[in-house]
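Dropping data-v9.cif in here (mmCIF, C-alpha atoms):
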```cif
data_run
#
loop_
_atom_site.label_atom_id
_atom_site.label_comp_id
_atom_site.auth_asym_id
_atom_site.auth_seq_id
_atom_site.Cartn_x
_atom_site.Cartn_y
_atom_site.Cartn_z
CA MET A 239 3.64 -36.62 -22.72
CA ASP A 240 2.01 -36.65 -26.18
CA CYS A 241 1.34 -33.80 -28.62
CA THR A 242 -2.26 -33.21 -27.56
CA GLU A 243 -1.30 -32.93 -23.92
CA THR A 244 1.69 -30.77 -24.72
CA LEU A 245 -0.29 -28.36 -26.88
CA SER A 246 -2.99 -28.07 -24.23
CA ARG A 247 -0.37 -26.94 -21.72
CA LEU A 248 1.85 -24.94 -24.02
CA HIS A 249 0.56 -21.54 -22.89
CA ALA A 250 0.94 -22.42 -19.23
CA TYR A 251 4.44 -23.69 -20.03
CA LEU A 252 5.33 -20.46 -21.79
CA ASP A 253 3.96 -18.52 -18.84
CA GLN A 254 5.90 -20.60 -16.30
CA GLU A 255 2.71 -21.63 -14.59
CA LEU A 256 3.40 -25.37 -14.53
CA ASP A 257 4.93 -27.36 -11.72
CA ARG A 258 8.40 -28.77 -12.19
CA PRO A 259 7.42 -32.31 -13.26
CA SER A 260 5.05 -31.02 -15.96
CA THR A 261 7.63 -28.50 -17.11
CA ALA A 262 10.23 -31.23 -17.38
CA ALA A 263 7.82 -33.49 -19.29
CA ILE A 264 7.14 -30.71 -21.80
CA ASP A 265 10.84 -29.85 -22.07
CA GLN A 266 11.43 -33.45 -22.98
CA HIS A 267 8.60 -33.64 -25.50
CA LEU A 268 9.65 -30.41 -27.20
CA SER A 269 13.19 -31.64 -27.59
CA SER A 270 11.96 -34.60 -29.63
CA CYS A 271 8.92 -33.20 -31.48
CA PRO A 272 9.61 -30.61 -34.20
CA THR A 273 5.90 -29.86 -34.70
CA CYS A 274 5.24 -28.94 -31.08
CA LYS A 275 8.55 -27.17 -30.90
CA ALA A 276 7.51 -24.98 -33.83
CA SER A 277 4.24 -24.16 -32.10
CA PHE A 278 6.10 -23.18 -28.99
CA ALA A 279 8.57 -21.12 -30.96
CA ALA A 280 5.66 -19.27 -32.58
CA LEU A 281 4.25 -18.36 -29.17
CA ALA A 282 7.67 -17.29 -27.95
CA ALA A 283 8.22 -15.20 -31.09
CA LEU A 284 4.83 -13.60 -30.60
CA ARG A 285 5.79 -12.71 -27.04
CA VAL A 286 8.99 -11.09 -28.24
CA GLY A 287 7.03 -9.20 -30.90
CA ILE A 288 4.55 -7.88 -28.35
CA ARG A 289 7.18 -6.89 -25.82
CA ARG A 290 9.25 -5.20 -28.45
CA HIS A 291 6.56 -3.39 -30.35
CA ALA A 292 3.39 -2.95 -28.32
CA ASP A 293 2.59 0.69 -27.88
CA TYR A 294 2.13 0.18 -24.18
CA ARG A 295 4.76 1.80 -22.01
CA HIS A 296 4.42 5.51 -21.57
CA GLY A 297 4.87 6.08 -17.86
CA ALA A 298 2.75 8.49 -15.88
CA PRO A 299 3.14 12.19 -16.62
CA ALA A 300 5.55 13.80 -14.17
CA GLU A 301 2.89 15.86 -12.47
CA LEU A 302 0.36 13.06 -11.97
CA ALA A 303 1.64 11.96 -8.56
CA GLU A 304 1.55 15.55 -7.33
CA ARG A 305 -1.98 16.05 -8.63
CA ILE A 306 -3.14 12.96 -6.78
CA ARG A 307 -1.39 14.15 -3.61
CA THR A 308 -3.31 17.39 -3.87
CA ARG A 309 -6.61 15.60 -4.30
CA LEU A 310 -5.86 13.34 -1.36
CA GLY A 311 -4.93 16.34 0.72
CA ILE A 312 -1.49 15.08 1.60
CA ALA A 313 1.91 16.61 1.40
CA HIS A 314 4.83 15.21 -0.46
CA ALA A 315 6.74 12.93 1.90
CA PRO A 316 10.29 13.93 1.10
CA ALA A 317 11.83 11.27 3.32
CA THR A 318 10.82 8.53 0.90
CA ILE A 319 11.55 10.43 -2.25
CA SER A 320 14.84 12.17 -1.80
CA ARG A 321 16.56 9.42 0.08
CA PRO A 322 20.17 8.94 -0.84
CA ARG A 323 21.02 6.60 -3.63
CA TRP A 324 22.58 3.35 -2.51
CA GLN A 325 21.00 2.89 0.81
CA TRP A 326 22.53 -0.47 1.45
CA PRO A 327 21.78 -2.00 4.78
CA GLN A 328 25.09 -3.01 6.26
CA TRP A 329 25.59 -6.50 7.56
CA GLY A 330 27.29 -5.16 10.64
CA ARG A 331 24.18 -3.39 11.72
CA TRP A 332 22.11 -6.51 11.48
CA LEU A 333 24.21 -9.25 12.88
CA PRO A 334 26.50 -9.86 15.82
CA MET A 335 30.14 -9.62 14.80
CA GLY A 336 30.79 -13.35 14.77
CA ALA A 337 28.04 -13.89 12.29
CA VAL A 338 29.33 -11.26 9.89
CA ALA A 339 32.29 -13.32 8.75
CA ALA A 340 30.18 -16.42 8.36
CA ALA A 341 27.52 -14.54 6.48
CA ALA A 342 30.02 -12.98 4.15
CA ALA A 343 31.15 -16.44 3.10
CA LEU A 344 27.72 -17.41 1.87
CA ILE A 345 24.74 -15.20 1.96
CA SER A 346 21.64 -17.12 2.89
CA TRP A 347 19.51 -15.88 0.06
CA THR A 348 16.09 -17.04 0.98
CA ALA A 349 16.29 -15.55 4.42
CA ALA A 350 18.21 -12.49 3.40
CA ILE A 351 16.28 -11.13 0.45
CA GLN A 352 14.52 -7.91 1.16
CA TYR A 353 11.51 -7.26 -0.96
CA ALA A 354 10.86 -3.75 0.19
CA GLY A 355 14.40 -2.50 0.20
CA LEU A 356 14.73 -1.48 -3.41
CA SER A 357 12.48 1.20 -4.78
CA ALA A 358 11.10 0.95 -8.31
CA GLY A 359 12.09 4.56 -8.74
CA ASP A 360 15.74 3.91 -7.94
CA PRO A 361 17.62 5.58 -10.79
CA LEU A 362 20.10 2.76 -11.09
CA ALA A 363 17.28 0.21 -11.22
CA GLU A 364 15.91 2.24 -14.13
CA GLN A 365 19.25 2.04 -15.89
CA VAL A 366 19.52 -1.69 -15.29
CA VAL A 367 16.04 -2.31 -16.70
CA ALA A 368 16.80 -0.11 -19.69
CA GLY A 369 20.14 -1.85 -20.23
CA HIS A 370 18.51 -5.24 -20.13
CA ALA A 371 15.68 -4.24 -22.46
CA ARG A 372 18.16 -2.66 -24.87
CA SER A 373 20.26 -5.80 -24.95
CA ILE A 374 17.21 -7.93 -25.75
CA VAL A 375 15.65 -5.63 -28.31
CA THR A 376 18.74 -4.74 -30.26
CA SER A 377 21.12 -7.38 -31.42
CA HIS A 378 23.63 -6.02 -28.93
CA LEU A 379 23.24 -8.80 -26.40
CA ILE A 380 26.62 -10.45 -26.70
CA GLU A 381 30.00 -9.17 -27.85
CA VAL A 382 31.97 -12.21 -26.88
CA ALA A 383 29.88 -15.28 -27.54
CA SER A 384 31.13 -18.29 -25.70
CA SER A 385 29.96 -20.83 -23.19
CA ASP A 386 33.54 -21.08 -22.02
CA GLN A 387 34.27 -19.06 -18.90
CA HIS A 388 37.96 -19.08 -19.86
CA THR A 389 37.13 -17.14 -23.02
CA VAL A 390 34.62 -14.70 -21.57
CA LYS A 391 36.56 -13.69 -18.47
CA PRO A 392 39.82 -12.69 -20.18
CA TRP A 393 37.90 -10.81 -22.86
CA LEU A 394 36.09 -8.75 -20.23
CA SER A 395 39.22 -8.25 -18.12
CA SER A 396 41.07 -6.91 -21.14
CA LYS A 397 38.39 -4.27 -21.72
CA LEU A 398 37.78 -3.27 -18.09
CA ASP A 399 39.81 -2.16 -15.12
CA PHE A 400 38.60 -5.11 -13.07
CA SER A 401 37.97 -8.79 -13.53
CA PRO A 402 34.44 -10.04 -12.91
CA PRO A 403 33.85 -13.60 -11.70
CA VAL A 404 32.54 -15.70 -14.60
CA PRO A 405 31.54 -19.11 -13.22
CA ASP A 406 30.17 -21.90 -15.36
CA LEU A 407 26.67 -22.57 -14.03
CA ALA A 408 25.53 -25.09 -16.63
CA ALA A 409 25.12 -27.73 -13.96
CA ALA A 410 22.58 -25.51 -12.23
CA GLY A 411 20.72 -25.03 -15.52
CA PHE A 412 22.12 -21.59 -16.33
CA ALA A 413 24.18 -21.76 -19.47
CA LEU A 414 26.79 -19.09 -20.01
CA ALA A 415 26.11 -17.47 -23.38
CA GLY A 416 28.74 -14.76 -23.38
CA GLY A 417 29.40 -11.22 -22.28
CA ARG A 418 29.61 -7.63 -23.38
CA LEU A 419 30.52 -4.20 -22.11
CA ASP A 420 27.73 -2.00 -20.89
CA TYR A 421 27.47 1.40 -19.29
CA LEU A 422 25.80 1.91 -15.91
CA ASP A 423 26.17 4.31 -13.02
CA ASN A 424 28.43 6.49 -15.18
CA ARG A 425 30.99 3.81 -15.79
CA ALA A 426 31.78 0.84 -17.99
CA VAL A 427 30.55 -2.40 -16.45
CA ALA A 428 30.69 -6.08 -17.31
CA ALA A 429 27.46 -7.65 -18.53
CA LEU A 430 27.41 -11.43 -18.32
CA VAL A 431 24.73 -13.21 -20.28
CA TYR A 432 23.31 -16.50 -19.08
CA ARG A 433 20.44 -18.44 -20.58
CA TYR A 434 17.85 -20.34 -18.67
CA ARG A 435 15.40 -22.27 -20.86
CA GLN A 436 14.22 -19.66 -23.35
CA HIS A 437 15.09 -16.78 -21.04
CA VAL A 438 18.01 -14.42 -20.96
CA ILE A 439 19.57 -13.32 -17.69
CA ASN A 440 21.79 -10.27 -17.72
CA LEU A 441 24.17 -9.91 -14.80
CA PHE A 442 25.84 -6.53 -14.48
CA VAL A 443 29.03 -6.45 -12.43
CA TRP A 444 31.27 -3.61 -11.38
CA PRO A 445 33.52 -2.71 -8.44
CA GLU A 446 32.19 -0.73 -5.51
CA GLU A 447 34.19 1.81 -3.55
CA GLN A 448 32.23 1.39 -0.35
CA SER A 449 33.37 -1.45 1.80
CA GLY A 450 31.21 -4.20 3.21
CA ASP A 451 28.76 -6.63 1.74
CA ALA A 452 25.08 -5.95 1.29
CA ARG A 453 22.05 -8.14 1.54
CA PRO A 454 20.33 -9.03 -1.70
CA GLN A 455 17.42 -6.81 -2.55
CA ALA A 456 14.69 -7.76 -4.99
CA LEU A 457 12.47 -5.69 -7.20
CA ALA A 458 9.94 -6.37 -9.93
CA LYS A 459 9.84 -3.68 -12.53
CA HIS A 460 8.23 -3.46 -15.95
CA GLY A 461 7.76 -7.18 -16.04
CA TYR A 462 11.34 -7.98 -15.11
CA ASN A 463 12.69 -9.31 -11.89
CA VAL A 464 15.75 -7.60 -10.52
CA LEU A 465 18.05 -8.77 -7.77
CA ARG A 466 21.01 -6.81 -6.55
CA TRP A 467 23.62 -7.54 -3.96
CA ARG A 468 27.13 -6.56 -3.08
CA SER A 469 29.92 -8.80 -2.00
CA GLY A 470 33.67 -8.97 -2.17
CA GLY A 471 33.89 -5.33 -3.26
CA MET A 472 31.66 -5.82 -6.30
CA ASN A 473 28.15 -4.75 -7.17
CA PHE A 474 25.93 -7.35 -8.81
CA TRP A 475 22.65 -6.64 -10.53
CA ALA A 476 20.83 -9.60 -12.05
CA ILE A 477 17.81 -8.98 -14.24
CA SER A 478 15.60 -11.24 -16.31
CA ASP A 479 12.05 -12.14 -17.20
CA VAL A 480 12.36 -15.41 -15.31
CA ASN A 481 10.26 -15.46 -12.17
CA ALA A 482 11.63 -14.22 -8.87
CA ALA A 483 12.34 -17.69 -7.51
CA GLU A 484 14.33 -18.67 -10.58
CA LEU A 485 16.34 -15.47 -10.51
CA GLN A 486 17.09 -16.13 -6.88
CA THR A 487 18.24 -19.66 -7.76
CA PHE A 488 20.52 -18.14 -10.37
CA ALA A 489 21.99 -15.61 -7.97
CA GLU A 490 22.51 -18.26 -5.36
CA ALA A 491 24.27 -20.52 -7.86
CA TYR A 492 26.42 -17.62 -9.03
CA ALA A 493 27.34 -16.44 -5.55
CA SER A 494 28.21 -19.89 -4.25
CA ALA A 495 30.25 -20.78 -7.36
CA ARG A 496 32.63 -17.90 -6.90
CA MET B 207 -9.15 0.75 11.50
CA GLU B 208 -10.86 3.76 9.97
CA PRO B 209 -8.47 4.77 7.18
CA LEU B 210 -9.78 8.31 7.00
CA ALA B 211 -8.92 8.65 10.63
CA LEU B 212 -5.27 8.23 9.77
CA ASP B 213 -3.39 11.42 10.29
CA GLU B 214 -1.99 13.19 7.29
CA ARG B 215 1.51 11.90 7.81
CA SER B 216 0.53 8.25 7.82
CA ARG B 217 -1.72 8.78 4.83
CA ALA B 218 1.12 10.47 3.02
CA ARG B 219 3.43 7.63 3.94
CA LYS B 220 0.96 5.02 2.72
CA PHE B 221 0.57 6.87 -0.54
CA GLU B 222 4.32 6.94 -1.13
CA GLN B 223 4.72 3.28 -0.15
CA ILE B 224 1.75 1.64 -1.81
CA PHE B 225 0.81 3.85 -4.74
CA VAL B 226 3.80 5.76 -6.00
CA PRO B 227 5.89 2.70 -6.92
CA HIS B 228 3.09 1.48 -9.20
CA LEU B 229 1.90 4.74 -10.63
CA ASP B 230 3.65 4.33 -13.96
CA ALA B 231 2.27 0.84 -14.38
CA ALA B 232 -1.23 1.92 -13.32
CA TYR B 233 -1.13 4.77 -15.82
CA ASP B 234 0.09 2.51 -18.64
CA PHE B 235 -2.72 0.06 -17.96
CA ALA B 236 -5.32 2.85 -17.77
CA ARG B 237 -4.01 4.29 -21.01
CA TRP B 238 -4.23 0.90 -22.66
CA LEU B 239 -7.85 0.55 -21.52
CA THR B 240 -8.98 4.08 -22.34
CA ARG B 241 -6.77 4.43 -25.43
CA ASP B 242 -6.31 8.05 -24.50
CA GLU B 243 -3.79 10.10 -22.48
CA ARG B 244 -6.15 12.49 -20.75
CA ASN B 245 -8.75 9.88 -19.94
CA ALA B 246 -6.02 7.64 -18.58
CA GLU B 247 -4.96 10.39 -16.16
CA ASP B 248 -8.55 10.88 -15.04
CA VAL B 249 -9.05 7.18 -14.51
CA VAL B 250 -5.82 6.83 -12.48
CA GLN B 251 -6.66 9.83 -10.32
CA GLU B 252 -10.15 8.56 -9.67
CA ALA B 253 -8.82 5.05 -9.01
CA CYS B 254 -6.31 6.37 -6.48
CA LEU B 255 -9.05 8.25 -4.63
CA ARG B 256 -11.14 5.10 -4.54
CA ALA B 257 -8.22 2.96 -3.51
CA PHE B 258 -7.34 5.37 -0.75
CA LYS B 259 -10.85 5.16 0.66
CA SER B 260 -10.62 1.39 0.78
CA LEU B 261 -7.06 1.08 2.02
CA ASP B 262 -8.31 -1.32 4.67
CA THR B 263 -9.27 -3.85 1.97
CA PHE B 264 -5.65 -4.00 0.88
CA GLN B 265 -4.26 -7.29 2.15
CA GLY B 266 -0.67 -6.30 1.72
CA ASP B 267 0.22 -9.01 -0.79
CA SER B 268 0.44 -7.39 -4.21
CA ALA B 269 -0.12 -3.67 -4.26
CA ARG B 270 0.21 -3.64 -8.01
CA ALA B 271 -2.53 -6.21 -8.61
CA TRP B 272 -4.79 -4.50 -6.08
CA LEU B 273 -4.29 -1.12 -7.71
CA PHE B 274 -4.74 -2.56 -11.21
CA ALA B 275 -8.06 -4.12 -10.16
CA ILE B 276 -9.27 -0.73 -8.96
CA VAL B 277 -8.02 0.99 -12.11
CA ARG B 278 -9.90 -1.53 -14.19
CA ASN B 279 -13.14 -1.11 -12.18
CA THR B 280 -12.84 2.64 -12.43
CA PHE B 281 -12.33 2.34 -16.16
CA TYR B 282 -15.45 0.24 -16.62
CA THR B 283 -17.55 2.67 -14.59
CA TRP B 284 -16.20 5.52 -16.69
CA TYR B 285 -16.66 3.57 -19.87
CA THR B 286 -20.26 2.61 -19.13
CA LYS B 287 -21.06 6.24 -18.42
CA ARG B 288 -19.42 7.32 -21.65
CA LYS B 289 -21.28 4.71 -23.63
CA GLY B 290 -24.49 6.16 -22.29
CA GLU B 291 -23.40 9.44 -23.82
CA GLY B 292 -23.10 7.82 -27.20
CA THR B 293 -19.36 7.34 -27.45
CA SER B 294 -18.53 3.95 -28.74
CA VAL B 295 -15.44 1.95 -27.96
CA PRO B 296 -15.03 -1.26 -29.89
CA PHE B 297 -16.20 -4.16 -27.81
CA ASP B 298 -17.07 -6.73 -30.34
CA GLU B 299 -16.23 -10.26 -29.40
CA GLU B 300 -18.87 -11.84 -31.64
CA SER B 301 -17.57 -10.47 -34.88
CA MET B 302 -14.01 -11.17 -33.83
CA LEU B 303 -14.74 -14.77 -33.05
CA ALA B 304 -16.80 -15.21 -36.19
CA GLY B 305 -13.61 -14.49 -38.09
CA GLU B 306 -11.64 -17.03 -36.14
CA HIS B 307 -10.76 -19.98 -38.31
CA GLU B 308 -11.79 -23.42 -37.22
CA ASN B 309 -8.21 -24.50 -37.52
CA THR B 310 -6.72 -22.74 -34.55
CA ASP B 311 -3.65 -24.83 -34.01
CA LEU B 312 -0.36 -23.02 -34.01
CA GLU B 313 1.03 -25.04 -36.87
CA SER B 314 4.50 -23.85 -37.88
CA PRO B 315 3.96 -20.15 -38.41
CA LEU B 316 7.32 -19.62 -36.81
CA GLY B 317 9.26 -18.75 -39.94
CA SER B 318 6.61 -16.31 -40.98
CA ILE B 319 6.29 -14.74 -37.54
CA ASP B 320 10.03 -14.38 -37.30
CA ARG B 321 10.15 -12.80 -40.74
CA LEU B 322 7.33 -10.51 -39.80
CA LEU B 323 9.22 -9.25 -36.78
CA GLN B 324 12.12 -8.32 -39.03
CA GLN B 325 9.92 -6.21 -41.27
CA ARG B 326 10.23 -2.49 -41.15
CA ASP B 327 6.57 -1.97 -40.27
CA ALA B 328 6.55 -4.72 -37.61
CA ARG B 329 5.56 -2.18 -34.98
CA ARG B 330 2.51 -1.08 -36.91
CA LEU B 331 1.47 -4.66 -37.68
CA VAL B 332 1.80 -5.85 -34.09
CA ASN B 333 -0.17 -2.89 -32.78
CA ALA B 334 -2.84 -3.30 -35.44
CA ALA B 335 -3.21 -6.96 -34.45
CA LEU B 336 -3.47 -6.03 -30.76
CA ASP B 337 -5.99 -3.37 -31.62
CA ARG B 338 -8.27 -5.87 -33.28
CA LEU B 339 -8.49 -8.03 -30.16
CA PRO B 340 -11.74 -8.02 -28.22
CA GLU B 341 -11.41 -5.93 -25.07
CA GLU B 342 -11.33 -8.85 -22.64
CA PHE B 343 -8.48 -10.46 -24.58
CA ARG B 344 -6.65 -7.21 -25.08
CA GLU B 345 -6.41 -6.63 -21.33
CA VAL B 346 -5.24 -10.10 -20.32
CA ILE B 347 -2.57 -10.15 -23.00
CA VAL B 348 -0.84 -7.02 -21.68
CA LEU B 349 -1.23 -8.04 -18.06
CA ARG B 350 0.62 -11.21 -18.99
CA GLU B 351 3.11 -10.09 -21.66
CA MET B 352 3.89 -6.55 -20.56
CA GLU B 353 3.30 -6.67 -16.81
CA ASP B 354 4.37 -10.29 -16.40
CA LEU B 355 1.65 -10.97 -13.86
CA PRO B 356 0.91 -14.56 -12.82
CA TYR B 357 -2.46 -16.07 -13.77
CA LYS B 358 -3.62 -15.80 -10.18
CA GLU B 359 -3.24 -12.02 -10.12
CA ILE B 360 -4.69 -11.56 -13.61
CA ALA B 361 -7.74 -13.50 -12.42
CA VAL B 362 -8.19 -11.11 -9.50
CA ILE B 363 -7.79 -8.04 -11.71
CA ALA B 364 -10.09 -9.23 -14.49
CA ARG B 365 -12.51 -10.75 -11.94
CA VAL B 366 -12.66 -14.11 -13.66
CA PRO B 367 -11.59 -17.62 -12.66
CA ILE B 368 -8.02 -18.71 -13.47
CA GLY B 369 -9.36 -21.11 -16.11
CA THR B 370 -10.89 -18.17 -17.94
CA VAL B 371 -7.59 -16.31 -17.81
CA MET B 372 -5.92 -19.30 -19.42
CA SER B 373 -8.48 -19.70 -22.16
CA ARG B 374 -8.53 -15.97 -22.90
CA LEU B 375 -4.77 -15.87 -23.17
CA ALA B 376 -4.73 -18.90 -25.45
CA ARG B 377 -7.41 -17.42 -27.70
CA ALA B 378 -5.81 -14.01 -27.69
CA ARG B 379 -2.52 -15.48 -28.86
CA LYS B 380 -4.17 -17.58 -31.54
CA LEU B 381 -6.01 -14.54 -32.84
CA LEU B 382 -2.82 -12.49 -32.85
CA LEU B 383 -0.96 -15.18 -34.76
CA GLN B 384 -3.80 -15.38 -37.27
CA HIS B 385 -3.86 -11.63 -37.71
CA LEU B 386 -0.12 -11.55 -38.21
CA ARG B 387 0.26 -14.62 -40.37
CA PRO B 388 -1.38 -13.46 -43.62
CA THR B 389 0.80 -10.35 -43.53
CA ALA B 390 3.89 -12.35 -42.90
CA GLU B 391 3.23 -14.85 -45.63
CA SER B 392 2.34 -12.36 -48.30
#
```
Could you rewrite the structure in this file as structure tokens?
Amino acid sequence: MDCTETLSRLHAYLDQELDRPSTAAIDQHLSSCPTCKASFAALAALRVGIRRHADYRHGAPAELAERIRTRLGIAHAPATISRPRWQWPQWGRWLPMGAVAAAAALISWTAAIQYAGLSAGDPLAEQVVAGHARSIVTSHLIEVASSDQHTVKPWLSSKLDFSPPVPDLAAAGFALAGGRLDYLDNRAVAALVYRYRQHVINLFVWPEEQSGDARPQALAKHGYNVLRWRSGGMNFWAISDVNAAELQTFAEAYASAR
Amino acid sequence: MEPLALDERSRARKFEQIFVPHLDAAYDFARWLTRDERNAEDVVQEACLRAFKSLDTFQGDSARAWLFAIVRNTFYTWYTKRKGEGTSVPFDEESMLAGEHENTDLESPLGSIDRLLQQRDARRLVNAALDRLPEEFREVIVLREMEDLPYKEIAVIARVPIGTVMSRLARARKLLLQHLRPTAES
């Protein structure tokens, strides 16, 4: 692919709107053409500038939903609002017993993901989004910078009361960039940082008291895709600005590498 | 299939399921369009009433895009009415594009853009640049950069073909880089 062609598709490339062959062709051209690479970097820097600085997010005033309810003549439906936190569907309820063991070994992501299961208002989802945004905006993304799982894992284990799995996923296209401590759900958690193309994926990991695994649940919030699941006594929350399919690929690679 | 015939409980349930999860986003978008807190609330309320009346047109694919489209329509109705009352909101593509340099390539402004983003008043500069965008560029840029919507959904919301979404985004970004560059290089 030449410069003219590349530049004509650069916006679609940035926006992840190209098919895989075109994306690969542009990847290849950018790696060998400093001029086009600089153009792309300018667009990417502009994106970061907009996301970081645009006076855009305010969130609806607290009473707006109630005002609209009044105008629509409906009552607050408390069942949907005050539902308990952590409403994980349990595998046991969904599958015959024999399948539970098999399913626990490898969750079939595509079939298992629930798109309606996780509410955008989930307080923990809020925290995860905020934690991710904070890590991107401030320079506090990585405390231990290494692509070596044997460096990142011991560092995290020494700071936490558990040891998160830190697989090397470079073969799947997700390069380990490092890790840091973060704070979620009133406790210290491990944050693993992976990079995929120009994107950052944060994976928050911490132990869960409740037993049993939980199906992955997906959510799109404030322009980020979020995927959470529970397995082997750990909670996993992956968040990134990659598209939902790519985040799913990441989670699948992570879960099967463990 | 008469939505108004739904009993109160199912209407309430639909509201909580389809609208409430996107209320923050709908409000942010309305506020971006109206550039005003109170007007944004009015537009969202009105949009929700409209949306509720046409619940049967909701296909069930993307509630957010569907709601955004209604918010945007409501805004333009509101805006046209206001304009009739003599309030002016900048909507000035001609003068914007007249200022657009012939040379619109993205040639190596990276260093300068990066430097700019380090500056103390980066926030002000970025918002000033966004503010100068023509309205139809200003809306697609946030739908893409802040809401992360795919071209297909932006096209539905802005009621234009996908090709137009692409060209508006490209021009919006070029304009933003041009607006930011002189500051960064000074």
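Here atom CA of Lys391 of chain A is placed at a distance of 17.5 Å from atom CA of Ala476 of chain A.
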Once the PyMOL selection byres ((chain B) within 8 of (chain A)) is applied to the coordinates I shared, what remains selected? I want it as a VMD selection string.
chain B and resid 214 to 215 217 to 219 222 226 to 227 229 to 231 233 to 235 238 247 251 254 to 255 312 to 316 319 to 320 323 328 to 329 332 to 333 336 351 to 357 372 375 to 376 379 383
Atom CA of Arg365 of chain B and atom CA of Asn279 of chain B, how far apart in Å?
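Taking atom CA of Asn279 of chain B as the start and atom CA of Arg365 of chain B as the end point, the length is 9.7 Å.
Counting from atom CA of Arg453 of chain A, the distance to atom CA of Arg468 of chain A is 7.0 Å.
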The PyMOL selection byres ((chain B and resi 276) around 8) applied to the shown file, residues as a count of residues only
12
Here's the selection I'm unsure about, the PyMOL selection byres ((chain B and resi 345) around 10); applied to the file above, which residues does it give, as a ChimeraX atom specification?
/B:235,238-239,278,336,339-344,346-350,360,363-364,374-375,378
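Nearest to Ser373 of chain A of all the residues A:Ser449, A:Ser478, A:Gln455, A:Ser469 is A:Ser478, based on only C-alpha atoms.
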Can you pull out the residues contacting segment 408-417 of chain A? Cut-off 7 Å, using all atoms listed in the file, and skip same-chain residues under 2 positions away; I want them as number ranges by chain.
A: 380-385, 390, 406, 429-434, 491
Keeping only C-alpha atoms, write the selected residues to a file as a CSV table (one decimal), in the coordinates of the input.
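The resulting result10.csv:
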```
chain,number,residue,atom,x,y,z
A,380,ILE,CA,26.6,-10.4,-26.7
A,381,GLU,CA,30.0,-9.2,-27.8
A,382,VAL,CA,32.0,-12.2,-26.9
A,383,ALA,CA,29.9,-15.3,-27.5
A,384,SER,CA,31.1,-18.3,-25.7
A,385,SER,CA,30.0,-20.8,-23.2
A,390,VAL,CA,34.6,-14.7,-21.6
A,406,ASP,CA,30.2,-21.9,-15.4
A,429,ALA,CA,27.5,-7.6,-18.5
A,430,LEU,CA,27.4,-11.4,-18.3
A,431,VAL,CA,24.7,-13.2,-20.3
A,432,TYR,CA,23.3,-16.5,-19.1
A,433,ARG,CA,20.4,-18.4,-20.6
A,434,TYR,CA,17.8,-20.3,-18.7
A,491,ALA,CA,24.3,-20.5,-7.9
```
Name all residues at most 8 Å from Met239 of chain A (count all atoms listed in the file; drop same-chain ones fewer than 6 positions away) and give them as a list in words.
Ala263, Ile264 and His267 of chain A
